[in-house]
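Participant: I'm passing along work.pdb; it holds PDB, C-alpha atoms and all ligand atoms.
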```pdb
ATOM      1  CA  MET U  18     -27.733  61.969  -7.959
ATOM      2  CA  SER U  19     -25.536  59.661 -10.075
ATOM      3  CA  SER U  20     -27.221  57.229 -12.452
ATOM      4  CA  THR U  21     -26.150  54.356 -10.171
ATOM      5  CA  SER U  22     -27.823  55.780  -7.084
ATOM      6  CA  GLY U  23     -30.803  56.718  -9.281
ATOM      7  CA  SER U  24     -31.415  53.118 -10.341
ATOM      8  CA  LEU U  25     -31.135  51.973  -6.729
ATOM      9  CA  PHE U  26     -34.394  53.794  -6.051
ATOM     10  CA  ASP U  27     -36.107  53.299  -9.409
ATOM     11  CA  LEU U  28     -39.271  51.187  -9.399
ATOM     12  CA  SER U  29     -39.852  51.278 -13.172
ATOM     13  CA  GLY U  30     -41.092  47.950 -14.467
ATOM     14  CA  SER U  31     -42.271  46.705 -11.085
ATOM     15  CA  THR U  32     -45.806  46.307  -9.804
ATOM     16  CA  ALA U  33     -47.185  46.897  -6.321
ATOM     17  CA  LEU U  34     -50.348  46.012  -4.433
ATOM     18  CA  VAL U  35     -51.290  48.234  -1.483
ATOM     19  CA  THR U  36     -53.939  47.232   1.086
ATOM     20  CA  GLY U  37     -56.048  49.869   2.820
ATOM     21  CA  ALA U  38     -55.165  52.190  -0.059
ATOM     22  CA  GLY U  39     -58.430  54.128   0.051
ATOM     23  CA  ARG U  40     -57.194  56.882   2.325
ATOM     24  CA  GLY U  41     -54.525  58.026   4.755
ATOM     25  CA  ILE U  42     -51.145  56.355   4.711
ATOM     26  CA  GLY U  43     -52.207  53.727   2.154
ATOM     27  CA  ARG U  44     -53.296  56.352  -0.347
ATOM     28  CA  ALA U  45     -50.104  58.381   0.135
ATOM     29  CA  MET U  46     -47.953  55.260  -0.236
ATOM     30  CA  SER U  47     -49.787  54.266  -3.424
ATOM     31  CA  VAL U  48     -49.108  57.681  -4.932
ATOM     32  CA  ALA U  49     -45.441  57.599  -3.844
ATOM     33  CA  LEU U  50     -44.833  54.152  -5.348
ATOM     34  CA  SER U  51     -46.517  55.271  -8.559
ATOM     35  CA  GLU U  52     -44.365  58.419  -8.723
ATOM     36  CA  ALA U  53     -41.267  56.222  -8.274
ATOM     37  CA  GLY U  54     -42.285  54.294 -11.401
ATOM     38  CA  ALA U  55     -44.254  51.275 -10.137
ATOM     39  CA  ARG U  56     -47.574  50.223 -11.579
ATOM     40  CA  VAL U  57     -49.750  50.229  -8.456
ATOM     41  CA  LEU U  58     -53.011  48.429  -7.696
ATOM     42  CA  ALA U  59     -55.033  50.198  -5.002
ATOM     43  CA  THR U  60     -57.119  47.833  -2.852
ATOM     44  CA  ASP U  61     -59.360  48.471   0.139
ATOM     45  CA  VAL U  62     -62.347  46.950   1.922
ATOM     46  CA  ASP U  63     -63.983  50.235   0.856
ATOM     47  CA  ALA U  64     -64.082  49.676  -2.904
ATOM     48  CA  ALA U  65     -65.146  53.237  -3.766
ATOM     49  CA  ALA U  66     -62.271  54.721  -1.765
ATOM     50  CA  ALA U  67     -59.802  52.401  -3.500
ATOM     51  CA  ALA U  68     -61.192  53.516  -6.858
ATOM     52  CA  ASP U  69     -60.667  57.167  -5.877
ATOM     53  CA  THR U  70     -57.023  56.402  -5.085
ATOM     54  CA  GLN U  71     -56.543  54.425  -8.302
ATOM     55  CA  ARG U  72     -57.576  57.514 -10.290
ATOM     56  CA  LEU U  73     -54.629  59.389  -8.755
ATOM     57  CA  LEU U  74     -52.092  56.857 -10.025
ATOM     58  CA  GLY U  75     -50.100  56.480 -13.212
ATOM     59  CA  SER U  76     -51.646  53.008 -13.529
ATOM     60  CA  GLY U  77     -55.128  54.513 -13.138
ATOM     61  CA  ASP U  78     -56.152  53.779 -16.715
ATOM     62  CA  GLU U  79     -54.451  50.391 -16.939
ATOM     63  CA  LEU U  80     -55.616  48.828 -13.662
ATOM     64  CA  ARG U  81     -59.000  48.771 -11.949
ATOM     65  CA  ALA U  82     -58.943  49.160  -8.143
ATOM     66  CA  GLN U  83     -59.961  45.955  -6.391
ATOM     67  CA  PRO U  84     -62.093  45.410  -3.273
ATOM     68  CA  LEU U  85     -59.850  43.539  -0.824
ATOM     69  CA  ASP U  86     -60.696  42.718   2.783
ATOM     70  CA  VAL U  87     -57.468  41.564   4.431
ATOM     71  CA  THR U  88     -59.438  39.156   6.645
ATOM     72  CA  ASP U  89     -60.947  37.402   3.616
ATOM     73  CA  PRO U  90     -58.547  35.046   1.805
ATOM     74  CA  ASP U  91     -60.799  34.826  -1.273
ATOM     75  CA  SER U  92     -60.789  38.588  -1.839
ATOM     76  CA  ILE U  93     -56.994  38.663  -1.409
ATOM     77  CA  ALA U  94     -56.563  35.918  -4.003
ATOM     78  CA  VAL U  95     -58.893  37.604  -6.503
ATOM     79  CA  ALA U  96     -57.068  40.960  -6.270
ATOM     80  CA  MET U  97     -53.588  39.442  -6.522
ATOM     81  CA  ASP U  98     -54.563  37.159  -9.379
ATOM     82  CA  TYR U  99     -56.049  40.185 -11.163
ATOM     83  CA  LEU U 100     -52.793  42.169 -10.840
ATOM     84  CA  VAL U 101     -50.718  39.224 -12.056
ATOM     85  CA  ALA U 102     -53.121  38.548 -14.935
ATOM     86  CA  GLN U 103     -52.954  42.205 -16.028
ATOM     87  CA  THR U 104     -49.212  42.793 -15.622
ATOM     88  CA  GLY U 105     -47.574  39.359 -15.332
ATOM     89  CA  ARG U 106     -46.031  40.142 -11.944
ATOM     90  CA  LEU U 107     -46.352  41.099  -8.282
ATOM     91  CA  ASP U 108     -43.127  42.663  -7.041
ATOM     92  CA  ILE U 109     -44.162  44.748  -4.015
ATOM     93  CA  LEU U 110     -46.825  44.122  -1.378
ATOM     94  CA  VAL U 111     -47.603  46.889   1.113
ATOM     95  CA  ASN U 112     -49.552  45.499   4.079
ATOM     96  CA  ASN U 113     -50.991  48.806   5.220
ATOM     97  CA  ALA U 114     -54.637  48.175   6.183
ATOM     98  CA  GLY U 115     -55.191  48.516   9.909
ATOM     99  CA  ILE U 116     -57.733  49.560  12.521
ATOM    100  CA  ASN U 117     -57.543  50.998  16.030
ATOM    101  CA  LEU U 118     -60.491  50.080  18.257
ATOM    102  CA  GLY U 119     -61.169  49.909  21.982
ATOM    103  CA  ASN U 120     -58.274  52.109  23.000
ATOM    104  CA  ASP U 121     -60.171  53.883  25.782
ATOM    105  CA  THR U 122     -60.996  50.625  27.516
ATOM    106  CA  PRO U 123     -58.866  49.072  30.242
ATOM    107  CA  ALA U 124     -57.761  45.518  29.424
ATOM    108  CA  GLU U 125     -59.939  43.949  32.106
ATOM    109  CA  GLN U 126     -63.029  45.464  30.464
ATOM    110  CA  LEU U 127     -62.087  44.992  26.806
ATOM    111  CA  ASP U 128     -64.715  43.130  24.799
ATOM    112  CA  PRO U 129     -63.016  39.979  23.465
ATOM    113  CA  GLU U 130     -64.738  40.612  20.129
ATOM    114  CA  ILE U 131     -62.857  43.937  19.795
ATOM    115  CA  TRP U 132     -59.598  42.167  20.654
ATOM    116  CA  ARG U 133     -60.304  39.512  17.996
ATOM    117  CA  ARG U 134     -61.304  42.053  15.351
ATOM    118  CA  VAL U 135     -58.132  44.149  15.817
ATOM    119  CA  LEU U 136     -55.878  41.080  15.770
ATOM    120  CA  ASP U 137     -57.742  39.751  12.744
ATOM    121  CA  VAL U 138     -57.309  42.903  10.635
ATOM    122  CA  ASN U 139     -53.917  44.101  11.913
ATOM    123  CA  LEU U 140     -52.024  40.812  12.281
ATOM    124  CA  THR U 141     -53.822  37.949  10.555
ATOM    125  CA  GLY U 142     -54.514  40.242   7.578
ATOM    126  CA  PRO U 143     -50.828  40.934   6.809
ATOM    127  CA  PHE U 144     -50.054  37.244   7.296
ATOM    128  CA  LEU U 145     -52.759  36.158   4.830
ATOM    129  CA  CYS U 146     -51.699  38.762   2.255
ATOM    130  CA  ALA U 147     -48.003  37.900   2.612
ATOM    131  CA  GLN U 148     -48.762  34.198   2.323
ATOM    132  CA  GLN U 149     -50.657  34.683  -0.926
ATOM    133  CA  ALA U 150     -48.143  37.164  -2.348
ATOM    134  CA  ALA U 151     -45.404  34.645  -1.623
ATOM    135  CA  ARG U 152     -46.990  32.202  -4.089
ATOM    136  CA  HIS U 153     -46.106  34.645  -6.869
ATOM    137  CA  MET U 154     -42.853  35.946  -5.358
ATOM    138  CA  ILE U 155     -41.375  32.504  -4.668
ATOM    139  CA  ALA U 156     -42.058  31.525  -8.276
ATOM    140  CA  ALA U 157     -40.358  34.762  -9.433
ATOM    141  CA  ARG U 158     -37.485  34.348  -6.935
ATOM    142  CA  SER U 159     -37.861  37.992  -5.893
ATOM    143  CA  GLY U 160     -40.225  40.274  -4.020
ATOM    144  CA  LYS U 161     -40.559  43.056  -1.480
ATOM    145  CA  ILE U 162     -43.049  42.854   1.359
ATOM    146  CA  ILE U 163     -43.507  45.979   3.474
ATOM    147  CA  ASN U 164     -45.632  45.803   6.610
ATOM    148  CA  VAL U 165     -46.937  48.982   8.199
ATOM    149  CA  ALA U 166     -46.502  48.411  11.938
ATOM    150  CA  SER U 167     -46.381  51.273  14.460
ATOM    151  CA  ALA U 168     -44.195  52.907  17.061
ATOM    152  CA  ALA U 169     -46.844  51.441  19.392
ATOM    153  CA  ALA U 170     -45.261  48.053  18.661
ATOM    154  CA  VAL U 171     -42.124  48.983  20.565
ATOM    155  CA  ILE U 172     -43.336  51.520  23.128
ATOM    156  CA  ILE U 173     -46.619  51.765  25.027
ATOM    157  CA  PRO U 174     -47.913  55.289  24.375
ATOM    158  CA  ARG U 175     -48.530  56.903  27.772
ATOM    159  CA  LEU U 176     -50.977  59.574  26.815
ATOM    160  CA  ASN U 177     -54.467  59.193  28.114
ATOM    161  CA  GLU U 178     -54.586  56.497  25.413
ATOM    162  CA  ARG U 179     -52.811  54.118  27.732
ATOM    163  CA  PHE U 180     -55.123  51.283  26.851
ATOM    164  CA  LEU U 181     -53.979  50.371  23.359
ATOM    165  CA  THR U 182     -54.177  46.747  24.478
ATOM    166  CA  SER U 183     -55.174  45.034  21.247
ATOM    167  CA  TYR U 184     -53.591  47.593  18.888
ATOM    168  CA  SER U 185     -50.106  47.577  20.440
ATOM    169  CA  THR U 186     -50.146  43.799  20.756
ATOM    170  CA  SER U 187     -51.202  43.377  17.131
ATOM    171  CA  LYS U 188     -48.450  45.705  15.897
ATOM    172  CA  ALA U 189     -45.782  43.985  18.019
ATOM    173  CA  GLY U 190     -46.984  40.801  16.325
ATOM    174  CA  VAL U 191     -46.489  42.446  12.925
ATOM    175  CA  VAL U 192     -42.872  43.239  13.824
ATOM    176  CA  MET U 193     -42.159  39.611  14.749
ATOM    177  CA  LEU U 194     -44.116  38.341  11.734
ATOM    178  CA  THR U 195     -41.818  40.528   9.626
ATOM    179  CA  ARG U 196     -38.750  38.834  11.109
ATOM    180  CA  VAL U 197     -40.113  35.312  10.862
ATOM    181  CA  LEU U 198     -41.098  35.708   7.210
ATOM    182  CA  ALA U 199     -37.835  37.506   6.381
ATOM    183  CA  LEU U 200     -35.837  34.572   7.660
ATOM    184  CA  GLN U 201     -37.912  31.993   5.812
ATOM    185  CA  TRP U 202     -38.157  33.751   2.471
ATOM    186  CA  ALA U 203     -34.639  35.169   2.064
ATOM    187  CA  ALA U 204     -33.801  31.940   0.232
ATOM    188  CA  TYR U 205     -36.233  33.035  -2.492
ATOM    189  CA  GLY U 206     -34.811  36.529  -2.843
ATOM    190  CA  ILE U 207     -37.780  38.058  -0.997
ATOM    191  CA  THR U 208     -37.221  40.827   1.557
ATOM    192  CA  VAL U 209     -39.748  41.439   4.326
ATOM    193  CA  ASN U 210     -39.489  44.673   6.303
ATOM    194  CA  ALA U 211     -41.678  46.916   8.436
ATOM    195  CA  ILE U 212     -42.178  50.657   8.659
ATOM    196  CA  SER U 213     -43.332  51.997  12.027
ATOM    197  CA  PRO U 214     -44.913  55.463  11.955
ATOM    198  CA  THR U 215     -45.726  57.622  14.947
ATOM    199  CA  TYR U 216     -49.050  59.463  15.334
ATOM    200  CA  THR U 217     -49.752  60.461  11.769
ATOM    201  CA  ASP U 218     -52.198  63.016  10.495
ATOM    202  CA  THR U 219     -54.940  60.690   9.130
ATOM    203  CA  ASP U 220     -58.525  59.690   9.983
ATOM    204  CA  LEU U 221     -57.181  56.970  12.314
ATOM    205  CA  ILE U 222     -56.196  59.289  15.131
ATOM    206  CA  GLN U 223     -58.590  60.813  17.649
ATOM    207  CA  ARG U 224     -58.567  64.544  17.391
ATOM    208  CA  ASP U 225     -59.962  65.946  20.599
ATOM    209  CA  GLU U 226     -58.018  68.905  21.850
ATOM    210  CA  LEU U 227     -56.334  67.185  24.793
ATOM    211  CA  ARG U 228     -55.167  64.234  22.686
ATOM    212  CA  MET U 229     -53.852  66.504  19.934
ATOM    213  CA  ARG U 230     -51.873  68.477  22.508
ATOM    214  CA  GLN U 231     -50.486  65.318  24.080
ATOM    215  CA  MET U 232     -49.555  63.767  20.737
ATOM    216  CA  VAL U 233     -47.696  66.870  19.643
ATOM    217  CA  SER U 234     -45.912  67.373  22.960
ATOM    218  CA  SER U 235     -44.795  63.711  23.085
ATOM    219  CA  SER U 236     -42.941  64.168  19.778
ATOM    220  CA  PRO U 237     -39.333  65.405  19.966
ATOM    221  CA  PHE U 238     -40.117  67.379  16.786
ATOM    222  CA  GLU U 239     -43.301  68.740  18.407
ATOM    223  CA  ARG U 240     -45.570  67.795  15.538
ATOM    224  CA  LEU U 241     -47.631  64.900  14.203
ATOM    225  CA  GLY U 242     -46.170  62.749  11.480
ATOM    226  CA  GLN U 243     -47.342  63.502   7.957
ATOM    227  CA  THR U 244     -47.874  60.756   5.404
ATOM    228  CA  ALA U 245     -45.062  62.301   3.312
ATOM    229  CA  ASP U 246     -42.621  61.579   6.156
ATOM    230  CA  LEU U 247     -42.907  57.878   5.277
ATOM    231  CA  THR U 248     -42.057  58.170   1.579
ATOM    232  CA  GLY U 249     -38.269  57.842   1.848
ATOM    233  CA  ALA U 250     -38.455  54.690   3.955
ATOM    234  CA  LEU U 251     -41.128  53.236   1.691
ATOM    235  CA  ILE U 252     -39.190  53.731  -1.529
ATOM    236  CA  TYR U 253     -35.995  52.411   0.064
ATOM    237  CA  LEU U 254     -37.734  49.212   1.196
ATOM    238  CA  ALA U 255     -39.490  48.767  -2.164
ATOM    239  CA  ALA U 256     -36.421  49.398  -4.327
ATOM    240  CA  PRO U 257     -33.185  47.557  -5.201
ATOM    241  CA  ALA U 258     -31.383  49.764  -2.630
ATOM    242  CA  SER U 259     -32.726  47.484   0.139
ATOM    243  CA  ASP U 260     -31.986  44.116  -1.497
ATOM    244  CA  PHE U 261     -29.722  43.095   1.422
ATOM    245  CA  THR U 262     -31.967  44.520   4.154
ATOM    246  CA  THR U 263     -34.548  42.165   5.599
ATOM    247  CA  GLY U 264     -36.421  41.661   8.872
ATOM    248  CA  LEU U 265     -35.969  45.349   9.734
ATOM    249  CA  ASN U 266     -38.523  47.418  11.636
ATOM    250  CA  LEU U 267     -37.721  50.892  10.345
ATOM    251  CA  LEU U 268     -39.024  53.390  12.901
ATOM    252  CA  VAL U 269     -40.051  56.576  11.108
ATOM    253  CA  ASP U 270     -41.479  58.092  14.241
ATOM    254  CA  GLY U 271     -39.706  61.410  14.721
ATOM    255  CA  GLY U 272     -38.089  59.999  17.838
ATOM    256  CA  PHE U 273     -41.435  59.288  19.544
ATOM    257  CA  SER U 274     -40.237  55.893  20.808
ATOM    258  CA  LEU U 275     -36.955  57.200  22.239
TER     259      LEU U 275
HETATM  260  N1  LIG J 301     -52.327  57.282  11.627
HETATM  261  C1  LIG J 301     -51.482  56.926  12.588
HETATM  262  O1  LIG J 301     -51.257  57.667  13.561
HETATM  263  C2  LIG J 301     -50.726  55.622  12.484
HETATM  264  C3  LIG J 301     -49.602  55.450  13.311
HETATM  265  C4  LIG J 301     -48.889  54.254  13.241
HETATM  266  C5  LIG J 301     -49.313  53.252  12.380
HETATM  267  N2  LIG J 301     -50.409  53.438  11.592
HETATM  268  C6  LIG J 301     -50.825  52.340  10.722
HETATM  269  O2  LIG J 301     -50.849  52.779   9.383
HETATM  270  C7  LIG J 301     -51.817  52.015   8.652
HETATM  271  C8  LIG J 301     -52.733  52.977   7.903
HETATM  272  O3  LIG J 301     -53.366  53.807   8.874
HETATM  273  P1  LIG J 301     -54.096  55.173   8.491
HETATM  274  O4  LIG J 301     -53.736  56.132   9.546
HETATM  275  O5  LIG J 301     -53.897  55.508   7.062
HETATM  276  O6  LIG J 301     -55.628  54.725   8.746
HETATM  277  P2  LIG J 301     -56.976  55.169   8.013
HETATM  278  O7  LIG J 301     -58.054  54.752   8.966
HETATM  279  O8  LIG J 301     -56.911  56.572   7.542
HETATM  280  O9  LIG J 301     -57.008  54.216   6.713
HETATM  281  C9  LIG J 301     -57.065  52.814   6.850
HETATM  282  C10 LIG J 301     -57.591  52.204   5.569
HETATM  283  O10 LIG J 301     -57.646  50.767   5.785
HETATM  284  C11 LIG J 301     -58.891  50.301   5.289
HETATM  285  N3  LIG J 301     -59.266  49.069   5.970
HETATM  286  C12 LIG J 301     -59.776  48.925   7.219
HETATM  287  N4  LIG J 301     -60.046  47.623   7.460
HETATM  288  C13 LIG J 301     -59.698  46.941   6.349
HETATM  289  C14 LIG J 301     -59.745  45.579   5.974
HETATM  290  N5  LIG J 301     -60.254  44.646   6.788
HETATM  291  N6  LIG J 301     -59.269  45.210   4.752
HETATM  292  C15 LIG J 301     -58.785  46.147   3.900
HETATM  293  N7  LIG J 301     -58.744  47.459   4.171
HETATM  294  C16 LIG J 301     -59.205  47.849   5.397
HETATM  295  C17 LIG J 301     -59.871  51.428   5.533
HETATM  296  O11 LIG J 301     -61.014  51.312   4.694
HETATM  297  C18 LIG J 301     -59.010  52.658   5.230
HETATM  298  O12 LIG J 301     -59.086  53.019   3.871
HETATM  299  C19 LIG J 301     -52.537  51.147   9.690
HETATM  300  O13 LIG J 301     -51.970  49.846   9.682
HETATM  301  C20 LIG J 301     -52.226  51.850  10.985
HETATM  302  O14 LIG J 301     -52.293  50.983  12.106
HETATM  303  C21 LIG J 301     -51.127  54.610  11.623
END
```
Please go through the file and, once you have read it, give me the structure as structure tokens.
Facilitator:
Amino acid sequence: MSSTSGSLFDLSGSTALVTGAGRGIGRAMSVALSEAGARVLATDVDAAAAADTQRLLGSGDELRAQPLDVTDPDSIAVAMDYLVAQTGRLDILVNNAGINLGNDTPAEQLDPEIWRRVLDVNLTGPFLCAQQAARHMIAARSGKIINVASAAAVIIPRLNERFLTSYSTSKAGVVMLTRVLALQWAAYGITVNAISPTYTDTDLIQRDELRMRQMVSSSPFERLGQTADLTGALIYLAAPASDFTTGLNLLVDGGFSL
């Protein structure tokens, strides 16, 4: 790699806050950003899990993991203010936290409380975090916001999980939120993009034998996604290489949505 292409993907000197960093995709993304040179703050509603992730990072001694519930504006503000107080900046926000509930229930039987909870965490959460990150990014006239959406935002999975009513709707909302914010904040040098994984090998997916078989056979590559499959897209969207890319939903789904 030439030194020019190297600096396009270099995150040295930047800072990142990752939500839902305590396990799964959020943990893997925190480690990847750290390995690319960013100082990363791991946050999660599960404070102990976030602390476990923080210990894996280059910034593990410098920064203390913060409890952050994406539905709670006060906890978002405290964590972001902490990162800015410690480092002087917030360059990258990864809106990763998400939940998947009620996906065995037909829409006509879905408890409205489950619908509200999924929309609250998966859609309102990224909005609240982006809104508060923008306070810092607009002042700095730069920033990278990366929303973790899902292939389920653009295709309705037709396994026996055909009832992803609230989840799919929330993730489609994330894709449009990405576009709306991208358009508004380009003037401040902020890019807003989404990454959409397919079924990925984390605690989120249901692992009974039939589902596993269906998930694998619905992938053109005949395997689940691994968290490492997302690293290239993540670093691209966090780094100077993507400075002229905004509003994109980057499907890293192994062709699942084709
Ligand atoms: N695993 C998949 O198959 C898959 C596929 C497509 C998209 N995604 C998306 O990727 C993201 C990460 O999923 P994952 O598979 O790593 O899930 P996971 O369940 O392994 O981890 C999710 C993390 O989010 C945290 N979290 C939950 N609610 C929160 C809240 N209110 N505030 C802050 N943190 C909260 C959890 O404590 C957990 O640490 C989610 O947005 C998910 O929808 C996952």
Participant: Using all atoms listed in the file, which protein or nucleic acid residues come within 7 Å of stretch 102-111 of chain U? Drop anything in the same chain fewer than 3 positions from it, and give the result as a list in words.
Facilitator: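 Here the answer would be Ser31, Thr32, Ala33, Leu34, Val35, Thr36, Asp98, Tyr99, His153, Met154, Gly160, Lys161, Ile162, Ile163, Asn164 and Ala255 of chain U.
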Participant: I need the chosen residues saved as a PDB file, keeping the file's coordinate frame, with C-alpha atoms.
Facilitator:
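Writing the result to part24.pdb gives the following:
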```pdb
ATOM      1  CA  SER U  31     -42.271  46.705 -11.085  1.00  0.00           C
ATOM      2  CA  THR U  32     -45.806  46.307  -9.804  1.00  0.00           C
ATOM      3  CA  ALA U  33     -47.185  46.897  -6.321  1.00  0.00           C
ATOM      4  CA  LEU U  34     -50.348  46.012  -4.433  1.00  0.00           C
ATOM      5  CA  VAL U  35     -51.290  48.234  -1.483  1.00  0.00           C
ATOM      6  CA  THR U  36     -53.939  47.232   1.086  1.00  0.00           C
ATOM      7  CA  ASP U  98     -54.563  37.159  -9.379  1.00  0.00           C
ATOM      8  CA  TYR U  99     -56.049  40.185 -11.163  1.00  0.00           C
ATOM      9  CA  HIS U 153     -46.106  34.645  -6.869  1.00  0.00           C
ATOM     10  CA  MET U 154     -42.853  35.946  -5.358  1.00  0.00           C
ATOM     11  CA  GLY U 160     -40.225  40.274  -4.020  1.00  0.00           C
ATOM     12  CA  LYS U 161     -40.559  43.056  -1.480  1.00  0.00           C
ATOM     13  CA  ILE U 162     -43.049  42.854   1.359  1.00  0.00           C
ATOM     14  CA  ILE U 163     -43.507  45.979   3.474  1.00  0.00           C
ATOM     15  CA  ASN U 164     -45.632  45.803   6.610  1.00  0.00           C
ATOM     16  CA  ALA U 255     -39.490  48.767  -2.164  1.00  0.00           C
TER      17      ALA U 255
END
```
Participant: Find, counting only C-alpha atoms and all ligand atoms, the residue in U:Leu275, U:Ile222, U:Ile93, U:Ile252 that gets nearest to ligand LIG 301 (chain J).
Facilitator: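 Selected residue with least distance to ligand LIG 301 (chain J): U:Ile222.
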Participant: Could you tell me how far atom CA of U:Asp63 sits from atom CA of U:Glu226, in Å to one decimal place?
Facilitator: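 According to the coordinates, atom CA of U:Glu226 and atom CA of U:Asp63 are separated by 28.7 Å.
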Participant: Point out the residue among U:Ala114, U:Ile172, U:Ala199, U:Ala68 with the least atom-to-atom distance to ligand LIG 301 (chain J), counting all atoms listed in the file.
Facilitator: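 When distances to ligand LIG 301 (chain J) are compared using all atoms listed in the file, the smallest one comes from U:Ala114.
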Participant: Residues picked by the PyMOL selection byres (((chain U and resi 37) around 8) and not hetatm) here, as a ChimeraX atom specification?
Facilitator: /U:35-36,38-40,43-44,59-62,67,112-115
Participant: Write out as a PyMOL selection string each polymer residue whose atoms come within 9 Å of U:Thr195, counting all atoms listed in the file; drop sequence neighbours fewer than 3 positions from it.
Facilitator: chain U and resi 162-164+190-192+198-200+209-211+263-266
Participant: Next, write the just-selected residues to a file, as a CSV table (one decimal), in the coordinates of the input, keeping C-alpha atoms as the atom set.
Facilitator:
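What landed in again.csv:
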```
chain,number,residue,atom,x,y,z
U,162,ILE,CA,-43.0,42.9,1.4
U,163,ILE,CA,-43.5,46.0,3.5
U,164,ASN,CA,-45.6,45.8,6.6
U,190,GLY,CA,-47.0,40.8,16.3
U,191,VAL,CA,-46.5,42.4,12.9
U,192,VAL,CA,-42.9,43.2,13.8
U,198,LEU,CA,-41.1,35.7,7.2
U,199,ALA,CA,-37.8,37.5,6.4
U,200,LEU,CA,-35.8,34.6,7.7
U,209,VAL,CA,-39.7,41.4,4.3
U,210,ASN,CA,-39.5,44.7,6.3
U,211,ALA,CA,-41.7,46.9,8.4
U,263,THR,CA,-34.5,42.2,5.6
U,264,GLY,CA,-36.4,41.7,8.9
U,265,LEU,CA,-36.0,45.3,9.7
U,266,ASN,CA,-38.5,47.4,11.6
```
Participant: Can you turn the PyMOL selection byres (((chain U and resi 135-139) around 7) and not hetatm) into a concrete residue list for this file, as a ChimeraX atom specification?
Facilitator: /U:87-88,115-118,131-134,140-143,183-184,187-188
Participant: Could you check how far atom CA of U:Arg158 sits from atom CA of U:Gly206, in Å to one decimal?
Facilitator: 5.4 Å
Participant: Set the distance at 10 Å and use all atoms listed in the file: which residues neighbour U:Gln243 once local chain neighbours fewer than 5 positions away are removed? I'd like the list as a list in words.
Facilitator: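 Here the qualifying residues turn out to be Gly41, Ile42, Ala45, Pro214, Thr215, Tyr216, Thr217, Asp218, Thr219 and Thr248 of chain U.
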Participant: Dump C-alpha atoms for the selected residues as a short mmCIF file (atom, residue, chain, number, x, y, z; two decimals), in the frame of the given file?
Facilitator:
```
data_model
loop_
_atom_site.label_atom_id
_atom_site.label_comp_id
_atom_site.auth_asym_id
_atom_site.auth_seq_id
_atom_site.Cartn_x
_atom_site.Cartn_y
_atom_site.Cartn_z
CA GLY U 41 -54.52 58.03 4.76
CA ILE U 42 -51.14 56.36 4.71
CA ALA U 45 -50.10 58.38 0.14
CA PRO U 214 -44.91 55.46 11.96
CA THR U 215 -45.73 57.62 14.95
CA TYR U 216 -49.05 59.46 15.33
CA THR U 217 -49.75 60.46 11.77
CA ASP U 218 -52.20 63.02 10.50
CA THR U 219 -54.94 60.69 9.13
CA THR U 248 -42.06 58.17 1.58
#
```
Participant: Check the smallest atom-to-atom distance from each of U:Leu241, U:Leu227, U:Ala170, U:Val197 to U:Gly271 using all atoms listed in the file, then report the winner.
Facilitator: U:Leu241
Participant: On this structure, the PyMOL selection byres (((chain U and resi 261) around 10) and not hetatm) would catch which residues? List them as a ChimeraX atom specification, sorted by chain and number.
Facilitator: /U:203,206-208,257-260,262-263
Participant: Next, dump the selected residues to file, keeping only C-alpha atoms, as an mmCIF file, keeping the file's coordinate frame.
Facilitator:
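That gives us part_12.cif:
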```cif
data_model
loop_
_atom_site.group_PDB
_atom_site.id
_atom_site.type_symbol
_atom_site.label_atom_id
_atom_site.label_comp_id
_atom_site.auth_asym_id
_atom_site.auth_seq_id
_atom_site.Cartn_x
_atom_site.Cartn_y
_atom_site.Cartn_z
ATOM 1 C CA ALA U 203 -34.639 35.169 2.064
ATOM 2 C CA GLY U 206 -34.811 36.529 -2.843
ATOM 3 C CA ILE U 207 -37.780 38.058 -0.997
ATOM 4 C CA THR U 208 -37.221 40.827 1.557
ATOM 5 C CA PRO U 257 -33.185 47.557 -5.201
ATOM 6 C CA ALA U 258 -31.383 49.764 -2.630
ATOM 7 C CA SER U 259 -32.726 47.484 0.139
ATOM 8 C CA ASP U 260 -31.986 44.116 -1.497
ATOM 9 C CA THR U 262 -31.967 44.520 4.154
ATOM 10 C CA THR U 263 -34.548 42.165 5.599
#
```
